[in-house]
Every structure is written in structure tokens, then in C-alpha cells.
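Novice: target_13.tsv is reproduced in full below (TSV, C-alpha atoms and all ligand atoms).
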```
chain	number	residue	atom	x	y	z
A	1	MET	CA	-179.83	-37.44	-97.67
A	2	ALA	CA	-182.50	-35.82	-95.48
A	3	GLN	CA	-180.15	-32.99	-94.77
A	4	ILE	CA	-179.52	-32.42	-98.45
A	5	VAL	CA	-183.30	-32.24	-99.11
A	6	ALA	CA	-183.74	-29.74	-96.27
A	7	THR	CA	-180.93	-27.57	-97.62
A	8	LYS	CA	-182.42	-27.79	-101.08
A	9	MET	CA	-185.84	-26.70	-99.75
A	10	ALA	CA	-184.25	-23.86	-97.79
A	11	SER	CA	-182.40	-22.67	-100.85
A	12	ASP	CA	-185.61	-22.90	-102.93
A	13	ARG	CA	-187.41	-20.82	-100.30
A	14	PHE	CA	-184.54	-18.34	-100.33
A	15	LEU	CA	-184.72	-18.15	-104.13
A	16	MET	CA	-188.47	-17.56	-104.04
A	17	ALA	CA	-188.10	-14.88	-101.36
A	18	THR	CA	-185.42	-13.19	-103.45
A	19	LEU	CA	-187.59	-13.29	-106.57
A	20	PHE	CA	-190.52	-11.88	-104.59
A	21	VAL	CA	-188.42	-8.98	-103.29
A	22	LEU	CA	-187.04	-8.39	-106.78
A	23	ALA	CA	-190.59	-8.32	-108.21
A	24	LEU	CA	-191.60	-5.79	-105.54
A	25	VAL	CA	-188.59	-3.58	-106.34
A	26	ILE	CA	-189.34	-3.68	-110.07
A	27	SER	CA	-193.05	-2.93	-109.65
A	28	SER	CA	-192.42	-0.10	-107.20
A	29	SER	CA	-189.84	1.51	-109.50
A	30	GLU	CA	-192.32	1.19	-112.39
A	31	ALA	CA	-194.96	2.88	-110.25
A	32	ALA	CA	-192.50	5.65	-109.36
A	33	THR	CA	-191.73	6.20	-113.07
A	34	LYS	CA	-195.43	6.27	-113.92
A	35	SER	CA	-196.31	8.72	-111.16
A	36	ARG	CA	-193.35	10.91	-112.12
A	37	PHE	CA	-194.69	11.11	-115.70
A	38	ARG	CA	-198.28	11.58	-114.51
A	39	LYS	CA	-197.18	14.68	-112.62
A	40	LEU	CA	-195.56	16.18	-115.70
A	41	LYS	CA	-197.47	18.72	-117.73
A	42	GLU	CA	-198.04	18.14	-121.41
A	43	THR	CA	-197.70	21.16	-123.67
A	44	ASN	CA	-198.36	21.23	-127.41
A	45	LEU	CA	-196.93	24.05	-129.47
A	46	VAL	CA	-197.40	24.89	-133.14
A	47	PHE	CA	-195.32	27.57	-134.83
A	48	TYR	CA	-193.52	28.30	-138.10
A	49	MET	CA	-189.78	28.44	-138.66
A	50	HIS	CA	-188.38	30.69	-141.37
A	51	ASP	CA	-185.14	29.10	-142.53
A	52	TYR	CA	-183.87	31.50	-145.20
A	53	ALA	CA	-180.40	31.10	-146.68
A	54	THR	CA	-180.73	34.00	-149.14
A	55	GLY	CA	-182.50	37.35	-149.52
A	56	ARG	CA	-182.65	40.23	-147.13
A	57	ASN	CA	-184.18	38.21	-144.30
A	58	ALA	CA	-181.49	35.51	-144.46
A	59	THR	CA	-180.68	33.94	-141.08
A	60	VAL	CA	-178.62	30.97	-142.26
A	61	LEU	CA	-174.83	31.36	-142.35
A	62	ASN	CA	-172.35	28.92	-143.88
A	63	ILE	CA	-169.70	28.03	-141.33
A	64	ALA	CA	-167.96	24.97	-142.78
A	65	GLY	CA	-167.83	22.92	-145.92
A	66	PRO	CA	-165.55	20.41	-147.63
A	67	ALA	CA	-162.62	22.40	-149.11
A	68	ASN	CA	-164.53	25.57	-148.17
A	69	HIS	CA	-167.17	24.78	-150.76
A	70	PHE	CA	-170.48	25.41	-149.06
A	71	ASP	CA	-173.46	23.49	-150.32
A	72	ILE	CA	-175.95	22.47	-147.67
A	73	LEU	CA	-177.40	19.87	-150.05
A	74	LYS	CA	-174.05	18.03	-149.99
A	75	PHE	CA	-172.43	15.91	-147.30
A	76	GLY	CA	-170.15	17.85	-144.96
A	77	THR	CA	-171.54	21.39	-145.11
A	78	MET	CA	-172.52	23.03	-141.84
A	79	VAL	CA	-174.47	26.19	-141.12
A	80	ALA	CA	-175.40	28.33	-138.13
A	81	ILE	CA	-178.99	29.56	-137.87
A	82	ASP	CA	-180.93	32.23	-136.03
A	83	ASP	CA	-184.33	31.57	-137.61
A	84	LYS	CA	-187.44	33.58	-136.82
A	85	LEU	CA	-190.29	31.58	-135.26
A	86	THR	CA	-193.74	32.97	-135.91
A	87	GLU	CA	-197.30	32.20	-134.86
A	88	ALA	CA	-198.52	31.83	-138.43
A	89	TYR	CA	-197.06	31.01	-141.84
A	90	ASP	CA	-196.67	34.68	-142.68
A	91	TRP	CA	-193.25	36.24	-141.97
A	92	ASP	CA	-194.92	39.31	-140.48
A	93	SER	CA	-197.13	37.36	-138.06
A	94	PRO	CA	-196.21	37.72	-134.36
A	95	GLN	CA	-192.80	36.34	-133.43
A	96	VAL	CA	-192.77	33.64	-130.75
A	97	GLY	CA	-189.00	33.22	-130.60
A	98	ARG	CA	-185.90	32.18	-132.49
A	99	ALA	CA	-184.39	28.83	-133.47
A	100	ARG	CA	-180.68	29.12	-132.75
A	101	GLY	CA	-178.13	26.45	-133.43
A	102	VAL	CA	-176.44	24.53	-136.18
A	103	TYR	CA	-177.12	21.86	-138.72
A	104	ALA	CA	-174.76	19.82	-140.80
A	105	ASN	CA	-175.46	17.73	-143.84
A	106	SER	CA	-174.53	14.36	-142.44
A	107	ALA	CA	-175.63	11.89	-145.13
A	108	VAL	CA	-173.25	10.81	-147.86
A	109	GLU	CA	-176.26	10.97	-150.22
A	110	GLY	CA	-176.86	14.57	-149.04
A	111	ASN	CA	-180.43	14.00	-147.86
A	112	ASP	CA	-180.15	14.30	-144.08
A	113	LEU	CA	-179.29	17.24	-141.84
A	114	TYR	CA	-178.08	16.60	-138.33
A	115	LEU	CA	-179.78	19.41	-136.43
A	116	SER	CA	-179.09	20.73	-132.95
A	117	MET	CA	-180.87	23.90	-131.93
A	118	SER	CA	-182.39	25.80	-129.05
A	119	LEU	CA	-185.85	27.26	-129.41
A	120	VAL	CA	-185.51	30.53	-127.53
A	121	PHE	CA	-189.01	31.78	-126.75
A	122	THR	CA	-189.77	35.50	-126.54
A	123	ASN	CA	-193.57	35.46	-126.59
A	124	ARG	CA	-195.45	36.49	-123.47
A	125	GLU	CA	-196.29	32.97	-122.29
A	126	TYR	CA	-192.85	31.33	-122.57
A	127	ASN	CA	-190.58	34.39	-122.58
A	128	GLY	CA	-187.05	33.36	-121.57
A	129	SER	CA	-187.74	29.61	-121.64
A	130	THR	CA	-185.97	27.33	-124.10
A	131	LEU	CA	-186.32	23.88	-125.63
A	132	GLN	CA	-183.43	21.85	-126.96
A	133	ILE	CA	-184.13	20.04	-130.25
A	134	GLN	CA	-181.83	17.44	-131.72
A	135	GLY	CA	-181.96	14.82	-134.41
A	136	SER	CA	-182.07	13.74	-137.98
A	137	ASP	CA	-183.84	16.16	-140.32
A	138	ARG	CA	-184.51	14.17	-143.50
A	139	PHE	CA	-185.71	17.30	-145.21
A	140	PHE	CA	-186.93	15.60	-148.42
A	141	ILE	CA	-189.62	13.82	-146.39
A	142	LYS	CA	-192.67	15.99	-145.72
A	143	TYR	CA	-192.98	15.02	-142.03
A	144	ARG	CA	-190.04	14.02	-139.87
A	145	GLU	CA	-189.71	13.64	-136.15
A	146	LEU	CA	-186.91	15.04	-134.02
A	147	SER	CA	-186.27	14.70	-130.29
A	148	VAL	CA	-186.89	17.32	-127.66
A	149	MET	CA	-183.95	16.58	-125.38
A	150	SER	CA	-184.49	19.06	-122.60
A	151	GLY	CA	-185.56	22.56	-121.73
A	152	THR	CA	-185.22	25.48	-119.35
A	153	GLY	CA	-187.53	27.90	-117.55
A	154	LYS	CA	-191.12	26.76	-117.93
A	155	PHE	CA	-189.79	23.72	-119.80
A	156	ARG	CA	-187.42	22.39	-117.14
A	157	MET	CA	-186.82	18.63	-117.43
A	158	ALA	CA	-188.65	18.61	-120.78
A	159	ARG	CA	-188.79	15.49	-122.90
A	160	GLY	CA	-190.77	15.11	-126.08
A	161	PHE	CA	-190.79	15.20	-129.81
A	162	ALA	CA	-191.14	17.70	-132.64
A	163	ILE	CA	-192.76	16.99	-135.99
A	164	LEU	CA	-191.29	19.18	-138.71
A	165	GLU	CA	-193.36	19.67	-141.82
A	166	THR	CA	-192.07	21.43	-144.92
A	167	MET	CA	-194.54	24.12	-146.00
A	168	LEU	CA	-192.16	25.74	-148.48
A	169	LEU	CA	-188.84	24.52	-149.87
A	170	ASP	CA	-187.32	26.61	-152.61
A	171	LEU	CA	-184.16	24.78	-153.67
A	172	PRO	CA	-182.73	27.54	-155.93
A	173	THR	CA	-182.71	30.07	-153.05
A	174	LEU	CA	-182.47	27.48	-150.25
A	175	ASN	CA	-185.28	29.23	-148.43
A	176	ALA	CA	-187.69	27.11	-146.42
A	177	ILE	CA	-190.66	27.51	-144.10
A	178	LEU	CA	-191.35	24.67	-141.70
A	179	ARG	CA	-194.30	24.04	-139.46
A	180	CYS	CA	-193.17	22.69	-136.09
A	181	ASN	CA	-195.63	20.73	-133.94
A	182	VAL	CA	-193.90	20.17	-130.63
A	183	THR	CA	-195.19	17.95	-127.82
A	184	VAL	CA	-193.34	18.19	-124.51
A	185	PHE	CA	-193.74	16.75	-121.03
A	186	HIS	CA	-192.16	18.94	-118.38
A	187	ASN	CA	-192.33	20.05	-114.74
B	201	LIG	C1	-188.54	40.18	-145.18
B	201	LIG	O1	-188.80	41.09	-144.13
B	201	LIG	C2	-189.64	42.17	-144.48
B	201	LIG	C3	-189.69	43.11	-143.31
B	201	LIG	O2	-190.19	42.48	-142.18
B	201	LIG	C4	-190.99	41.66	-144.92
B	201	LIG	O3	-191.85	42.71	-145.27
B	201	LIG	C5	-190.83	40.70	-146.09
B	201	LIG	O4	-192.07	40.12	-146.42
B	201	LIG	C6	-189.83	39.60	-145.71
B	201	LIG	N1	-189.54	38.79	-146.88
B	201	LIG	C7	-189.82	37.49	-146.94
B	201	LIG	C8	-189.42	36.79	-148.18
B	201	LIG	O5	-190.37	36.88	-146.03
B	202	LIG	C1	-189.45	39.13	-122.21
B	202	LIG	O1	-188.44	39.31	-121.21
B	202	LIG	C2	-187.56	40.40	-121.49
B	202	LIG	C3	-186.45	40.37	-120.46
B	202	LIG	O2	-186.93	40.09	-119.19
B	202	LIG	C4	-188.37	41.69	-121.49
B	202	LIG	O3	-187.53	42.77	-121.79
B	202	LIG	C5	-189.48	41.59	-122.57
B	202	LIG	O4	-190.30	42.73	-122.52
B	202	LIG	C6	-190.34	40.35	-122.32
B	202	LIG	N1	-191.27	40.18	-123.46
B	202	LIG	C7	-192.55	39.88	-123.29
B	202	LIG	C8	-193.35	39.71	-124.56
B	202	LIG	O5	-193.09	39.73	-122.22
B	203	LIG	C1	-199.75	20.37	-136.62
B	203	LIG	O1	-200.68	21.19	-135.99
B	203	LIG	C2	-201.65	21.75	-136.87
B	203	LIG	C3	-202.49	22.73	-136.09
B	203	LIG	O2	-203.02	22.16	-134.93
B	203	LIG	C4	-202.46	20.63	-137.50
B	203	LIG	O3	-203.39	21.16	-138.41
B	203	LIG	C5	-201.53	19.68	-138.22
B	203	LIG	O4	-202.23	18.58	-138.73
B	203	LIG	C6	-200.43	19.19	-137.29
B	203	LIG	N1	-199.47	18.42	-138.05
B	203	LIG	C7	-198.99	17.26	-137.61
B	203	LIG	C8	-197.99	16.61	-138.48
B	203	LIG	O5	-199.36	16.73	-136.57
```
Write out the structure in this file as C-alpha cells.
Specialist:
Amino acid sequence: MAQIVATKMASDRFLMATLFVLALVISSSEAATKSRFRKLKETNLVFYMHDYATGRNATVLNIAGPANHFDILKFGTMVAIDDKLTEAYDWDSPQVGRARGVYANSAVEGNDLYLSMSLVFTNREYNGSTLQIQGSDRFFIKYRELSVMSGTGKFRMARGFAILETMLLDLPTLNAILRCNVTVFHN
């Protein structure tokens, strides 16, 4: 009986020691995560994206559609883009880069674009650096949030989010201007 009690106490002590070590491991890995994020820089960017499907400045190209019928407002259509990014709303304001990638209408109701693009910066400050944007672009909502998955150059190891805001949406021509507010944490 005495021996059983002693064993029980020993195993309780062992359990407590294990829990203590476990707690230390968890708190030190939390501290490591926090300090890793503290060291990251935060950068906020605001620019305008000219997403024109028609007209002489068009940079949106149909690449796929159900039965080769291209309608980006309908489920299943996919386009490639090389959209101009500018400092201000005006097309002729200084270019900061291009948004290159694809989006596909991925909602059966037609109201959501799955978007995957690289922001390729060409302005003096971020020339040659890129950010990778991905997510659900519910374009009928004025503000929607997409993920910043990663980046290169000055944006290595980037993580963050991008708020897209529709400034202009002309459905007959399928031309749009979006304001992009991007917040990224990076090395
Ligand atoms: C198209 O590009 C030209 C030349 O840069 C510019 O003057 C014009 O305003 C642009 N059109 C639109 C609709 O932005
Ligand atoms: C960006 O880099 C390219 C290639 O290195 C260079 O040709 C161009 O002049 C640079 N642009 C700016 C604005 O610094
Ligand atoms: C985006 O940035 C602009 C300029 O700083 C600001 O006026 C606007 O409110 C921001 N929009 C969002 C959705 O945060």
C-alpha cells in the first residue's frame, strides 16, 4: 500500500515536471514568435489599379470561359491581367508598377473573382520588388480584403493584407479603377 502511494506521488511529481517543461516550451516559442514579428518592418502602401477590359488602354485578356463564351461576370470565365498601378487615381499619374496575374469568376452566382497576382513594383523605392496577392475579390462589395501571401526583394518574407476599394466600375465596358491599401510586415 505504502509503495503504491509512493509510486503515485512520484508519478504526480513527474506529471507536474512534464507540465512545467511543456509550459516553458510553449511560452518560449510564443516569445520567439513575438520577437520575430517585432523585428519585422511594417509598410503601408496606397496606389490605384487600372483594370480595363476594353478601350485602347485595355490590359485584361480573356483566356478561358465555359464553351469559349467569355463573360467575367459569369462563373467559369478567367482572364490574364497586366494592369497599370499608379500613384493617384488619374491614369497619367506616375506609375508605381504593374499587377500581373489572373482572376477567375469562381462563384456560381457570378459575384466573386478568385484573384492571384503579383504586384511588380517599378517605382524608385521598391523597384524590382514584388508582392504576391491572393484571395476572394467580391467585387460588388465596396471594400474587400485579400491576403498578401509573400514577397520578394524589399518585401522578402512578407505577410499582410490588401483592402481593395472600387473607385470606378463601369459594367458596360468592364473597366474598373481600384484603390489598393496594402499593409505588409516583412524583413
Ligand atoms: C489611355 O492612355 C492615354 C495615353 O496615356 C491617356 O491619355 C488616356 O487618358 C487613357 N485613357 C483612359 C480611359 O484612361
Ligand atoms: C528600375 O530597375 C531597372 C533595372 O535595374 C532600371 O532599368 C530602371 O531604371 C529602374 N527604375 C527606377 C525608377 O529606378
Ligand atoms: C486607404 O488609404 C487612403 C489614403 O491614406 C485613405 O484615405 C482611405 O481611407 C484608406 N482606405 C481604407 C479602406 O483603409
Novice: What does the structure give for the distance between atom CA of Phe70 of chain A and atom CA of Ile177 of chain A, in Å to one decimal?
Specialist: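 Atom CA of Ile177 of chain A lies 20.9 Å from atom CA of Phe70 of chain A.
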Novice: Do a neighbour search on Ser93 of chain A at 12 Å with only C-alpha atoms, toss out local chain neighbours closer than 5 positions, and write the hits as a short mmCIF file (atom, residue, chain, number, x, y, z; two decimals) with C-alpha atoms, in the frame of the given file.
Specialist:
```cif
data_model
loop_
_atom_site.label_atom_id
_atom_site.label_comp_id
_atom_site.auth_asym_id
_atom_site.auth_seq_id
_atom_site.Cartn_x
_atom_site.Cartn_y
_atom_site.Cartn_z
CA PHE A 47 -195.32 27.57 -134.83
CA TYR A 48 -193.52 28.30 -138.10
CA MET A 49 -189.78 28.44 -138.66
CA HIS A 50 -188.38 30.69 -141.37
CA LYS A 84 -187.44 33.58 -136.82
CA LEU A 85 -190.29 31.58 -135.26
CA THR A 86 -193.74 32.97 -135.91
CA GLU A 87 -197.30 32.20 -134.86
CA ALA A 88 -198.52 31.83 -138.43
#
```
Novice: Restricting the calculation to all atoms listed in the file, which member of A:Gly97, A:Gly65, A:Gly128, A:Gly55 is positioned closest to ligand LIG 201 (chain B)?
Specialist: A:Gly55
Novice: Kindly compile the residues surrounding ligand LIG 203 (chain B) within 12 Å, counting only C-alpha atoms and all ligand atoms, and format them as a PyMOL selection string.
Specialist: chain A and resi 44-48+87-89+141-145+161-167+178-183
Novice: Between atom CA of Asn127 of chain A and atom CA of Asn175 of chain A, what is the spacing in Å?
Specialist: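 It comes out at 26.9 Å.
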Novice: Around ligand LIG 202 (chain B), out to 6 Å and counting all atoms listed in the file, which residues are there? I want them as a list in words.
Specialist: Thr122, Asn123, Arg124 and Asn127 of chain A
Novice: Give me, as a list in words, the set of residues whose atoms come within 7 Å of any atom of ligand LIG 201 (chain B), counting only C-alpha atoms and all ligand atoms.
Specialist: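 The residues near ligand LIG 201 (chain B) are Arg56, Asn57, Trp91 and Asp92 of chain A.
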Novice: What does the distance between atom CA of Ala176 of chain A and atom CA of Asn68 of chain A come to in Å, to one decimal place?
Specialist: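 Going from atom CA of Ala176 of chain A over to atom CA of Asn68 of chain A, I get 23.3 Å.
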Novice: I'd like to know which of A:Leu61, A:Leu119, A:Leu168, A:Ala67 is closest to Arg100 of chain A, using only C-alpha atoms.
Specialist: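 Nearest to Arg100 of chain A: A:Leu119.
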Novice: Could you tell me which of A:Val102, A:Ile63, A:Val96, A:Met157 comes closest to Ser118 of chain A if we count all atoms listed in the file?
Specialist: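 So, comparing all the options, the nearest one is A:Val102.
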Novice: If you take every atom of segment 47-60 of chain A that the file lists and fit an axis-aligned box around them with 4 Å extra on each side, what centre and edge lengths come out in Å to one decimal, as lines of an AutoDock Vina configuration file?
Specialist:
```
center_x = -187.0
center_y = 33.9
center_z = -142.2
size_x = 24.7
size_y = 20.7
size_z = 22.7
```
Novice: With all atoms listed in the file as the basis for distance, which of A:Asp170, A:Thr54, A:Ser106, A:Arg156 is at the shortest distance from Asn187 of chain A?
Specialist: A:Arg156
